[in-house]
>>> print(open('upload.cif').read())   # mmCIF, C-alpha atoms
data_data
loop_
_atom_site.label_atom_id
_atom_site.label_comp_id
_atom_site.auth_asym_id
_atom_site.auth_seq_id
_atom_site.Cartn_x
_atom_site.Cartn_y
_atom_site.Cartn_z
CA MET A 1 6.68 -19.80 -14.48
CA ALA A 2 5.84 -18.90 -10.89
CA SER A 3 8.20 -19.83 -8.09
CA GLY A 4 7.06 -17.79 -5.10
CA PRO A 5 5.30 -18.93 -1.92
CA LEU A 6 1.87 -18.79 -3.60
CA ASP A 7 2.84 -21.05 -6.51
CA GLY A 8 -0.23 -23.15 -7.31
CA VAL A 9 -2.78 -20.65 -5.98
CA LYS A 10 -5.27 -19.45 -8.60
CA ILE A 11 -6.94 -16.03 -8.43
CA VAL A 12 -9.54 -14.45 -10.71
CA GLU A 13 -9.33 -10.65 -10.71
CA PHE A 14 -12.07 -8.54 -12.25
CA ALA A 15 -10.39 -5.50 -13.78
CA GLY A 16 -10.75 -2.31 -11.78
CA ILE A 17 -8.72 0.62 -10.53
CA GLY A 18 -6.53 1.31 -7.50
CA PRO A 19 -6.47 -1.20 -4.67
CA GLY A 20 -7.91 -4.20 -6.56
CA PRO A 21 -5.17 -4.23 -9.19
CA PHE A 22 -2.53 -3.54 -6.54
CA CYS A 23 -3.72 -6.58 -4.58
CA GLY A 24 -3.59 -8.64 -7.77
CA MET A 25 -0.01 -7.47 -8.32
CA LEU A 26 1.01 -8.41 -4.78
CA LEU A 27 -0.43 -11.92 -5.10
CA SER A 28 1.13 -12.38 -8.53
CA ASP A 29 4.52 -11.23 -7.24
CA MET A 30 4.20 -13.93 -4.57
CA GLY A 31 3.74 -16.58 -7.25
CA ALA A 32 -0.05 -16.90 -7.60
CA ASP A 33 -1.54 -17.44 -11.05
CA VAL A 34 -3.70 -14.32 -11.24
CA ILE A 35 -5.84 -13.91 -14.35
CA ARG A 36 -7.52 -10.59 -15.02
CA ILE A 37 -10.95 -10.49 -16.62
CA ASP A 38 -11.09 -7.37 -18.80
CA ARG A 39 -13.91 -5.84 -20.77
CA PRO A 40 -13.38 -6.22 -24.53
CA GLY A 41 -10.84 -3.60 -25.58
CA ASN A 42 -8.97 -2.24 -28.54
CA GLY A 43 -6.36 -4.97 -28.64
CA LYS A 44 -3.47 -2.65 -27.81
CA PRO A 45 -0.54 -4.27 -25.96
CA GLY A 46 -0.02 -3.45 -22.32
CA ARG A 47 2.25 -0.54 -21.42
CA ALA A 48 5.46 -1.39 -19.60
CA ALA A 49 4.96 1.71 -17.43
CA ASP A 50 1.63 0.37 -16.12
CA VAL A 51 3.57 -1.41 -13.40
CA MET A 52 0.57 -2.20 -11.17
CA SER A 53 -0.68 -4.46 -13.98
CA ARG A 54 2.47 -6.55 -14.03
CA GLY A 55 2.52 -10.29 -13.55
CA ARG A 56 -1.00 -11.21 -14.62
CA ARG A 57 -2.52 -12.60 -17.79
CA SER A 58 -5.61 -11.01 -19.32
CA ILE A 59 -8.74 -12.59 -20.74
CA SER A 60 -11.36 -10.48 -22.48
CA LEU A 61 -14.99 -11.23 -21.58
CA ASN A 62 -18.19 -9.27 -22.14
CA LEU A 63 -20.17 -9.65 -18.92
CA LYS A 64 -23.31 -8.46 -20.71
CA ASP A 65 -23.15 -11.65 -22.77
CA PRO A 66 -24.54 -14.72 -20.94
CA ALA A 67 -22.05 -16.97 -22.74
CA ASP A 68 -19.12 -14.94 -21.48
CA VAL A 69 -20.62 -14.83 -17.99
CA GLU A 70 -20.69 -18.62 -18.08
CA THR A 71 -17.05 -18.67 -19.20
CA ALA A 72 -16.18 -16.43 -16.24
CA MET A 73 -18.08 -18.80 -13.95
CA LYS A 74 -16.13 -21.78 -15.28
CA LEU A 75 -12.86 -19.99 -14.55
CA ILE A 76 -14.07 -19.10 -11.06
CA GLU A 77 -14.90 -22.77 -10.46
CA LYS A 78 -11.16 -23.49 -10.83
CA ALA A 79 -10.03 -20.61 -8.62
CA ASP A 80 -9.01 -20.35 -4.97
CA GLY A 81 -9.84 -16.66 -4.71
CA LEU A 82 -11.65 -13.84 -6.48
CA ILE A 83 -11.06 -10.07 -6.47
CA GLU A 84 -13.76 -7.57 -7.41
CA GLY A 85 -14.02 -3.86 -6.69
CA PHE A 86 -17.42 -2.79 -7.99
CA ARG A 87 -20.16 -1.02 -6.05
CA PRO A 88 -22.36 -3.38 -4.01
CA GLY A 89 -24.85 -5.17 -6.25
CA VAL A 90 -22.98 -4.92 -9.57
CA MET A 91 -21.61 -8.46 -9.50
CA GLU A 92 -25.03 -9.78 -8.46
CA ARG A 93 -26.63 -8.07 -11.46
CA ASN A 94 -24.03 -9.71 -13.69
CA GLY A 95 -24.95 -13.12 -12.32
CA LEU A 96 -21.60 -13.45 -10.56
CA GLY A 97 -22.50 -12.50 -7.00
CA PRO A 98 -21.35 -14.57 -4.02
CA ASP A 99 -24.48 -16.74 -3.78
CA ALA A 100 -24.29 -17.82 -7.43
CA VAL A 101 -20.53 -18.29 -7.41
CA LEU A 102 -20.24 -20.14 -4.10
CA ALA A 103 -22.96 -22.52 -5.25
CA ARG A 104 -20.61 -23.51 -8.08
CA ASN A 105 -17.39 -23.36 -6.07
CA PRO A 106 -18.05 -23.79 -2.33
CA LYS A 107 -14.33 -23.43 -1.53
CA LEU A 108 -13.89 -20.06 -3.18
CA VAL A 109 -12.73 -17.05 -1.14
CA TYR A 110 -14.66 -14.13 -2.61
CA GLY A 111 -12.81 -10.85 -2.00
CA ARG A 112 -14.90 -7.68 -2.28
CA MET A 113 -13.06 -4.35 -2.28
CA THR A 114 -14.96 -1.09 -1.79
CA GLY A 115 -14.41 2.22 -0.06
CA TRP A 116 -17.44 2.20 2.24
CA GLY A 117 -18.09 -1.56 2.48
CA GLN A 118 -20.92 -3.81 1.35
CA PHE A 119 -23.44 -2.27 3.78
CA GLY A 120 -23.90 0.95 5.71
CA SER A 121 -25.60 4.25 4.92
CA LEU A 122 -22.80 5.31 2.51
CA SER A 123 -22.29 1.95 0.80
CA GLN A 124 -23.83 3.07 -2.51
CA ALA A 125 -22.14 6.48 -2.64
CA ALA A 126 -19.17 7.30 -4.84
CA GLY A 127 -15.91 8.15 -3.12
CA HIS A 128 -12.13 8.07 -3.27
CA ASP A 129 -9.28 7.40 -0.86
CA LEU A 130 -9.36 10.91 0.60
CA ASN A 131 -13.04 10.56 1.52
CA TYR A 132 -12.60 7.16 3.12
CA ILE A 133 -9.73 8.17 5.37
CA ALA A 134 -11.54 11.42 6.20
CA LEU A 135 -14.36 9.42 7.78
CA THR A 136 -12.04 7.42 10.05
CA GLY A 137 -10.17 10.22 11.83
CA ALA A 138 -6.93 9.38 10.05
CA LEU A 139 -6.93 12.34 7.66
CA HIS A 140 -7.73 14.83 10.44
CA ALA A 141 -4.47 13.87 12.16
CA MET A 142 -2.26 14.62 9.14
CA GLY A 143 -0.94 18.07 8.39
CA ARG A 144 0.65 21.11 9.98
CA LYS A 145 -0.72 23.15 12.86
CA GLY A 146 -3.28 25.71 11.76
CA GLU A 147 -3.35 24.36 8.22
CA ARG A 148 -5.74 22.09 6.36
CA PRO A 149 -5.39 18.30 6.62
CA SER A 150 -2.80 17.04 4.15
CA PRO A 151 -3.64 14.16 1.75
CA PRO A 152 -1.08 11.33 2.27
CA LEU A 153 -1.21 10.42 -1.43
CA ASN A 154 -3.60 7.45 -1.59
CA LEU A 155 -1.41 5.20 0.50
CA VAL A 156 -3.57 5.03 3.64
CA GLY A 157 -6.95 4.20 2.10
CA ASP A 158 -6.46 2.52 -1.27
CA TYR A 159 -3.27 0.62 -0.59
CA GLY A 160 -2.74 0.39 3.16
CA GLY A 161 -6.33 0.09 4.33
CA GLY A 162 -7.57 -1.49 1.12
CA ALA A 163 -5.25 -3.65 -0.96
CA LEU A 164 -3.17 -5.00 1.93
CA TYR A 165 -6.25 -5.94 3.95
CA LEU A 166 -7.75 -7.58 0.87
CA ALA A 167 -4.57 -9.60 0.34
CA MET A 168 -4.47 -10.59 4.01
CA GLY A 169 -8.17 -11.48 3.98
CA LEU A 170 -7.90 -13.58 0.84
CA LEU A 171 -4.88 -15.49 2.13
CA ALA A 172 -6.47 -16.04 5.55
CA GLY A 173 -9.59 -17.36 3.84
CA ILE A 174 -7.58 -19.64 1.53
CA ILE A 175 -5.62 -21.04 4.49
CA ASN A 176 -8.91 -21.66 6.29
CA VAL A 177 -10.24 -23.61 3.29
CA LYS A 178 -7.06 -25.67 3.09
CA ASN A 179 -7.52 -26.45 6.80
CA GLY A 180 -10.98 -27.83 6.12
CA GLY A 181 -13.09 -24.68 6.25
CA LYS A 182 -15.63 -23.37 3.76
CA GLY A 183 -15.37 -20.69 1.15
CA GLN A 184 -16.64 -17.29 2.22
CA VAL A 185 -16.99 -13.61 1.37
CA ILE A 186 -14.34 -11.10 2.47
CA ASP A 187 -15.91 -7.64 2.81
CA VAL A 188 -12.96 -5.23 2.60
CA ALA A 189 -13.88 -1.58 3.20
CA MET A 190 -11.17 1.04 3.04
CA THR A 191 -12.88 2.82 5.91
CA ASP A 192 -12.45 -0.30 8.06
CA GLY A 193 -8.85 -0.79 6.99
CA ALA A 194 -7.83 2.84 7.49
CA ALA A 195 -9.42 2.81 10.94
CA SER A 196 -7.54 -0.39 11.75
CA LEU A 197 -4.25 1.20 10.66
CA ALA A 198 -4.91 4.01 13.14
CA THR A 199 -5.33 1.61 16.08
CA MET A 200 -2.21 2.80 17.91
CA PHE A 201 -3.28 6.43 17.75
CA PHE A 202 -6.76 5.70 19.08
CA GLY A 203 -5.03 3.88 21.93
CA MET A 204 -2.73 6.83 22.59
CA LYS A 205 -5.72 9.17 22.57
CA ALA A 206 -7.49 6.96 25.12
CA MET A 207 -4.39 7.14 27.33
CA GLY A 208 -4.38 10.93 27.14
CA ILE A 209 -1.09 11.18 25.25
CA TRP A 210 -2.53 12.17 21.86
CA THR A 211 -4.65 15.19 21.01
CA ASP A 212 -6.75 16.14 17.99
CA ASP A 213 -4.54 19.20 17.40
CA ARG A 214 -2.34 18.64 14.36
CA GLU A 215 1.44 18.96 14.77
CA SER A 216 1.13 18.75 18.56
CA ASN A 217 1.97 15.10 19.14
CA LEU A 218 4.93 12.76 19.23
CA LEU A 219 4.58 11.34 15.71
CA ASP A 220 2.80 14.08 13.72
CA GLY A 221 5.62 16.59 13.52
CA GLY A 222 4.88 18.21 16.84
CA ALA A 223 8.10 17.00 18.45
CA HIS A 224 11.34 18.66 17.40
CA PHE A 225 13.10 15.29 17.37
CA TYR A 226 10.60 13.65 14.97
CA ASP A 227 10.22 15.78 11.87
CA THR A 228 11.74 16.84 8.57
CA TYR A 229 14.14 19.76 8.18
CA GLU A 230 15.21 21.82 5.20
CA CYS A 231 18.91 22.08 4.42
CA SER A 232 20.90 24.93 2.89
CA ASP A 233 20.46 23.51 -0.64
CA GLY A 234 16.66 23.33 -0.37
CA LYS A 235 16.69 19.56 0.13
CA TRP A 236 15.34 17.83 3.22
CA VAL A 237 16.32 15.33 5.90
CA SER A 238 14.26 13.31 8.36
CA ILE A 239 14.99 12.95 12.07
CA GLY A 240 13.36 10.35 14.35
CA SER A 241 15.44 10.47 17.53
CA ILE A 242 12.74 9.35 19.97
CA GLU A 243 14.66 7.14 22.40
CA PRO A 244 16.95 8.95 24.89
CA GLN A 245 20.15 7.35 23.59
CA PHE A 246 19.30 8.29 20.00
CA TYR A 247 18.39 11.82 21.06
CA ALA A 248 21.69 12.15 22.92
CA LEU A 249 23.52 11.12 19.76
CA LEU A 250 21.59 13.74 17.77
CA LEU A 251 22.79 16.43 20.15
CA GLU A 252 26.33 15.08 19.98
CA LYS A 253 26.53 14.91 16.18
CA THR A 254 25.01 18.36 15.73
CA GLY A 255 27.27 19.88 18.39
CA ILE A 256 24.30 21.15 20.38
CA THR A 257 25.16 22.21 23.94
CA ASP A 258 22.12 24.42 24.60
CA PRO A 259 20.72 23.18 27.97
CA GLU A 260 17.13 23.76 26.77
CA PHE A 261 17.52 20.64 24.59
CA ASN A 262 17.85 18.52 27.75
CA SER A 263 14.07 18.83 28.21
CA GLN A 264 13.32 16.44 25.34
CA MET A 265 9.79 15.43 26.38
CA ASP A 266 8.63 18.83 27.66
CA ARG A 267 5.94 19.64 25.11
CA SER A 268 5.94 23.29 26.12
CA LYS A 269 9.47 23.58 24.70
CA TRP A 270 8.94 21.69 21.44
CA GLY A 271 8.13 24.82 19.42
CA SER A 272 11.20 26.69 20.59
CA LEU A 273 13.49 23.70 20.10
CA LYS A 274 12.13 23.05 16.63
CA ALA A 275 12.87 26.64 15.63
CA LYS A 276 16.47 26.19 16.77
CA LEU A 277 16.84 22.91 14.86
CA THR A 278 15.30 24.51 11.78
CA ALA A 279 18.00 27.18 11.81
CA LEU A 280 20.73 24.62 12.50
CA PHE A 281 19.86 22.30 9.63
CA LYS A 282 19.96 25.21 7.19
CA THR A 283 23.67 25.61 7.87
CA LYS A 284 24.65 22.55 5.80
CA THR A 285 23.56 20.87 2.58
CA ARG A 286 21.67 17.59 2.66
CA ASP A 287 24.77 15.68 1.58
CA GLU A 288 26.83 17.32 4.32
CA TRP A 289 24.28 16.24 6.92
CA CYS A 290 24.29 12.74 5.44
CA ALA A 291 28.05 12.61 5.94
CA VAL A 292 27.52 13.46 9.62
CA MET A 293 24.46 11.38 10.43
CA GLU A 294 23.65 8.66 7.90
CA GLY A 295 24.26 5.16 9.19
CA THR A 296 24.36 6.26 12.83
CA ASP A 297 21.79 5.54 15.56
CA ILE A 298 20.38 9.06 15.34
CA CYS A 299 17.49 7.61 13.29
CA PHE A 300 18.20 9.69 10.22
CA ALA A 301 17.57 9.50 6.50
CA PRO A 302 17.67 11.95 3.63
CA VAL A 303 14.28 12.73 2.09
CA LEU A 304 14.76 11.36 -1.41
CA SER A 305 12.60 12.00 -4.44
CA MET A 306 11.25 9.09 -6.48
CA ALA A 307 13.95 9.88 -9.04
CA GLU A 308 16.67 9.68 -6.37
CA ALA A 309 15.47 6.70 -4.30
CA PRO A 310 16.47 3.84 -6.66
CA GLY A 311 20.06 5.11 -6.76
CA HIS A 312 20.64 5.24 -3.01
CA PRO A 313 23.33 2.67 -2.05
CA HIS A 314 21.13 0.89 0.49
CA ASN A 315 18.28 0.48 -1.99
CA ALA A 316 20.72 -0.58 -4.70
CA GLU A 317 22.37 -3.17 -2.44
CA ARG A 318 19.01 -4.69 -1.53
CA LYS A 319 17.67 -4.39 -5.10
CA THR A 320 14.63 -2.63 -3.67
CA PHE A 321 13.94 -1.34 -7.18
CA VAL A 322 14.23 -3.27 -10.43
CA GLU A 323 14.12 -2.30 -14.09
CA VAL A 324 11.77 -4.08 -16.48
CA GLU A 325 11.74 -3.03 -20.13
CA GLY A 326 13.34 0.26 -19.22
CA VAL A 327 10.84 1.03 -16.45
CA ILE A 328 12.23 1.38 -12.92
CA GLN A 329 9.74 0.06 -10.36
CA PRO A 330 9.62 -1.33 -6.82
CA ALA A 331 10.63 -4.98 -6.60
CA PRO A 332 8.33 -7.61 -5.05
CA ALA A 333 8.19 -7.47 -1.26
CA PRO A 334 8.59 -9.01 1.25
CA ARG A 335 11.47 -11.43 0.70
CA PHE A 336 11.39 -15.20 1.22
CA SER A 337 14.51 -17.28 1.80
CA GLU A 338 13.23 -20.48 0.14
CA THR A 339 10.60 -19.32 -2.34
CA PRO A 340 11.73 -15.93 -3.60
CA PRO A 341 8.97 -13.87 -5.25
CA GLU A 342 9.46 -12.44 -8.72
CA ILE A 343 7.71 -10.39 -11.36
CA GLN A 344 6.12 -13.04 -13.54
CA ARG A 345 5.58 -11.03 -16.73
CA ARG A 346 5.18 -7.58 -18.24
CA PRO A 347 1.79 -5.78 -18.01
CA ALA A 348 -0.71 -7.48 -20.28
CA GLY A 349 -2.85 -5.92 -22.97
CA VAL A 350 -6.61 -6.40 -22.76
CA GLY A 351 -7.43 -9.98 -23.74
CA GLU A 352 -3.84 -10.75 -24.67
CA HIS A 353 -3.92 -14.22 -23.10
CA THR A 354 -7.54 -15.24 -23.69
CA ASP A 355 -6.82 -18.48 -25.56
CA GLU A 356 -3.83 -19.32 -23.38
CA ILE A 357 -5.82 -18.95 -20.16
CA LEU A 358 -8.71 -21.06 -21.41
CA ARG A 359 -6.26 -23.77 -22.42
CA ASP A 360 -4.21 -23.68 -19.21
CA TRP A 361 -7.24 -23.57 -16.91
CA GLN A 362 -8.96 -26.24 -19.04
CA VAL A 363 -12.08 -24.17 -19.68
CA SER A 364 -14.15 -24.43 -22.84
CA ARG A 365 -15.87 -21.37 -24.25
#
>>> encode(input="upload.cif", output="structure tokens")
Amino acid sequence: MASGPLDGVKIVEFAGIGPGPFCGMLLSDMGADVIRIDRPGNGKPGRAADVMSRGRRSISLNLKDPADVETAMKLIEKADGLIEGFRPGVMERNGLGPDAVLARNPKLVYGRMTGWGQFGSLSQAAGHDLNYIALTGALHAMGRKGERPSPPLNLVGDYGGGALYLAMGLLAGIINVKNGGKGQVIDVAMTDGAASLATMFFGMKAMGIWTDDRESNLLDGGAHFYDTYECSDGKWVSIGSIEPQFYALLLEKTGITDPEFNSQMDRSKWGSLKAKLTALFKTKTRDEWCAVMEGTDICFAPVLSMAEAPGHPHNAERKTFVEVEGVIQPAPAPRFSETPPEIQRRPAGVGEHTDEILRDWQVSR
């Protein structure tokens, strides 16, 4: 059924929450055969709205049962990669830790996803995205001046610093094996990934062009030309006119002639200029500003809600969102010219494909 660039790659995913399932979805969208090992459940079918579970088949195994552990091991023997997101030591106690597994499949890439990592003083502590990005300096930089740090959903830790680094690590490891290397363990910590995502800002701080004061810097809402503004209808627009030519176009399209705006990079004037832009943008509705600015080199976009985004013409033209069984959801990304990715199947119920997986992977139970 698969046709994407990872067609032929086999992944075993141990059911979890957050970044592990998202990584499994990404690999499945790219064409990998990802099977999810679930705990025995109630037999209910998967929900179409559980979009992060799309694309994979499910097998139900009781990892407290030695026979089912052996079945899991047989599946892993056939796999290129493995995804698990338990606390350090859990897989070892189940008899499925890296030493045991790599002894049976020396070419396996064993992907371990945790918040704090496999070692370190916090490695056994509970936590969530917000805690992980808090430890890296990333959360401290987000929010308005004089206010508390603002949680960026769970995009920076779980998905940016977690799932994407797990996917990259697994694929790098699989390529290494196909080039003659050995299987290995990929220790993905969301703290490591979130810190890595913040590399540019640590560099800017080292150069003296970034401070720890929120809403005082080029890209954190401190600059009047890089921020969001409320319109007369209560809706919002985003402006990112950093480069001089884009900034000049912003002044032209808004009809601004105030000479104070000529001091674009004078930080001492940013507060005053932002106040003036705030008043200006409240003179028109969001749609009226779109008519003036959208599609120009101002670096402009309306701030759309999740309900609005799928209907925007640009998103519709690119089919950025798709509908599956009545559920609107983001389409697979990125795009490939020769091996286009696709959603392989609807979200699976627990154990829905147990017999099918054992047959297709040629594993006896």
>>> atom_distance(input="upload.cif", atom1="atom CA of Leu358 of chain A", atom2="atom CA of Gly46 of chain A")
19.7 Å
>>> residues_around(input="upload.cif", residues="Thr211 of chain A", least_positions_apart="6", cutoff="10 Å", atoms="only C-alpha atoms", output="JSON, numbers by chain")
{"A": [141, 201, 202, 204, 205, 217]}
>>> write_last_selection(input="upload.cif", atoms="C-alpha atoms", output="JSON list (two decimals), in the frame of the given file")
[["chain", "number", "residue", "atom", "x", "y", "z"],
["A", 141, "ALA", "CA", -4.47, 13.87, 12.16],
["A", 201, "PHE", "CA", -3.28, 6.43, 17.75],
["A", 202, "PHE", "CA", -6.76, 5.70, 19.08],
["A", 204, "MET", "CA", -2.73, 6.83, 22.59],
["A", 205, "LYS", "CA", -5.72, 9.17, 22.57],
["A", 217, "ASN", "CA", 1.97, 15.10, 19.14]]
>>> closest_residue(input="upload.cif", among="A:Ile175, A:Leu197, A:Leu63, A:Ala103", to="Ala15 of chain A", atoms="only C-alpha atoms")
A:Leu63
>>> resolve_selection(input="upload.cif", expression="the PyMOL selection byres ((chain A and resi 310) around 10)", output="NGL selection string")
:A and (304-309 or 311-316 or 319-323 or 328-330)
>>> resolve_selection(input="upload.cif", expression="the PyMOL selection byres ((chain A and resi 120-127) around 12)", output="PDB file with C-alpha atoms, keeping the file's coordinate frame")
ATOM      1  CA  PHE A  86     -17.420  -2.790  -7.990  1.00  0.00           C
ATOM      2  CA  ARG A  87     -20.160  -1.020  -6.050  1.00  0.00           C
ATOM      3  CA  PRO A  88     -22.360  -3.380  -4.010  1.00  0.00           C
ATOM      4  CA  GLY A  89     -24.850  -5.170  -6.250  1.00  0.00           C
ATOM      5  CA  VAL A  90     -22.980  -4.920  -9.570  1.00  0.00           C
ATOM      6  CA  MET A 113     -13.060  -4.350  -2.280  1.00  0.00           C
ATOM      7  CA  THR A 114     -14.960  -1.090  -1.790  1.00  0.00           C
ATOM      8  CA  GLY A 115     -14.410   2.220  -0.060  1.00  0.00           C
ATOM      9  CA  TRP A 116     -17.440   2.200   2.240  1.00  0.00           C
ATOM     10  CA  GLY A 117     -18.090  -1.560   2.480  1.00  0.00           C
ATOM     11  CA  GLN A 118     -20.920  -3.810   1.350  1.00  0.00           C
ATOM     12  CA  PHE A 119     -23.440  -2.270   3.780  1.00  0.00           C
ATOM     13  CA  HIS A 128     -12.130   8.070  -3.270  1.00  0.00           C
ATOM     14  CA  ASP A 129      -9.280   7.400  -0.860  1.00  0.00           C
ATOM     15  CA  LEU A 130      -9.360  10.910   0.600  1.00  0.00           C
ATOM     16  CA  ASN A 131     -13.040  10.560   1.520  1.00  0.00           C
ATOM     17  CA  TYR A 132     -12.600   7.160   3.120  1.00  0.00           C
ATOM     18  CA  ILE A 133      -9.730   8.170   5.370  1.00  0.00           C
ATOM     19  CA  ALA A 134     -11.540  11.420   6.200  1.00  0.00           C
ATOM     20  CA  LEU A 135     -14.360   9.420   7.780  1.00  0.00           C
ATOM     21  CA  GLY A 157      -6.950   4.200   2.100  1.00  0.00           C
ATOM     22  CA  ASP A 158      -6.460   2.520  -1.270  1.00  0.00           C
ATOM     23  CA  ASP A 187     -15.910  -7.640   2.810  1.00  0.00           C
ATOM     24  CA  VAL A 188     -12.960  -5.230   2.600  1.00  0.00           C
ATOM     25  CA  ALA A 189     -13.880  -1.580   3.200  1.00  0.00           C
ATOM     26  CA  MET A 190     -11.170   1.040   3.040  1.00  0.00           C
ATOM     27  CA  THR A 191     -12.880   2.820   5.910  1.00  0.00           C
ATOM     28  CA  ASP A 192     -12.450  -0.300   8.060  1.00  0.00           C
TER      29      ASP A 192
END
>>> closest_residue(input="upload.cif", among="A:Leu153, A:Val101, A:Met25, A:Ile37", to="Leu139 of chain A", atoms="all atoms listed in the file")
A:Leu153
>>> residues_around(input="upload.cif", residues="Val177 of chain A", least_positions_apart="4", cutoff="9 Å", atoms="all atoms listed in the file", output="mmCIF file with C-alpha atoms, in the coordinates of the input")
data_model
loop_
_atom_site.group_PDB
_atom_site.id
_atom_site.type_symbol
_atom_site.label_atom_id
_atom_site.label_comp_id
_atom_site.auth_asym_id
_atom_site.auth_seq_id
_atom_site.Cartn_x
_atom_site.Cartn_y
_atom_site.Cartn_z
ATOM 1 C CA ASP A 80 -9.010 -20.350 -4.970
ATOM 2 C CA LYS A 107 -14.330 -23.430 -1.530
ATOM 3 C CA LEU A 108 -13.890 -20.060 -3.180
ATOM 4 C CA VAL A 109 -12.730 -17.050 -1.140
ATOM 5 C CA ALA A 172 -6.470 -16.040 5.550
ATOM 6 C CA GLY A 173 -9.590 -17.360 3.840
ATOM 7 C CA GLY A 181 -13.090 -24.680 6.250
ATOM 8 C CA LYS A 182 -15.630 -23.370 3.760
ATOM 9 C CA GLY A 183 -15.370 -20.690 1.150
#
>>> resolve_selection(input="upload.cif", expression="the PyMOL selection byres ((chain A and resi 219-222) around 8)", output="list in words")
Ala141, Met142, Gly143, Arg144, Arg214, Glu215, Ser216, Asn217, Leu218, Ala223, His224, Tyr226, Asp227, Thr228, Trp270 and Gly271 of chain A
>>> atom_distance(input="upload.cif", atom1="atom CA of Lys10 of chain A", atom2="atom CA of Leu82 of chain A")
8.8 Å
>>> closest_residue(input="upload.cif", among="A:Glu84, A:Asp212, A:Glu342, A:Glu147", to="Arg36 of chain A", atoms="all atoms listed in the file")
A:Glu84
>>> decode(input="upload.cif", residues="segment 189-207 of chain A", atoms="C-alpha atoms", output="PDB file, in the first residue's frame")
ATOM      1  CA  ALA A 189      15.886  13.794  24.996  1.00  0.00           C
ATOM      2  CA  MET A 190      13.482  16.656  24.503  1.00  0.00           C
ATOM      3  CA  THR A 191      15.818  18.812  26.579  1.00  0.00           C
ATOM      4  CA  ASP A 192      18.602  18.157  24.055  1.00  0.00           C
ATOM      5  CA  GLY A 193      16.341  18.771  21.082  1.00  0.00           C
ATOM      6  CA  ALA A 194      14.805  21.972  22.448  1.00  0.00           C
ATOM      7  CA  ALA A 195      18.281  23.296  23.240  1.00  0.00           C
ATOM      8  CA  SER A 196      19.381  22.428  19.708  1.00  0.00           C
ATOM      9  CA  LEU A 197      16.399  24.303  18.253  1.00  0.00           C
ATOM     10  CA  ALA A 198      17.524  27.381  20.185  1.00  0.00           C
ATOM     11  CA  THR A 199      21.037  27.310  18.677  1.00  0.00           C
ATOM     12  CA  MET A 200      20.618  30.562  16.737  1.00  0.00           C
ATOM     13  CA  PHE A 201      19.490  32.459  19.822  1.00  0.00           C
ATOM     14  CA  PHE A 202      22.402  31.225  21.920  1.00  0.00           C
ATOM     15  CA  GLY A 203      24.634  32.437  19.097  1.00  0.00           C
ATOM     16  CA  MET A 204      22.942  35.832  19.026  1.00  0.00           C
ATOM     17  CA  LYS A 205      23.317  36.098  22.802  1.00  0.00           C
ATOM     18  CA  ALA A 206      27.032  35.328  22.500  1.00  0.00           C
ATOM     19  CA  MET A 207      27.335  38.113  19.917  1.00  0.00           C
TER      20      MET A 207
END
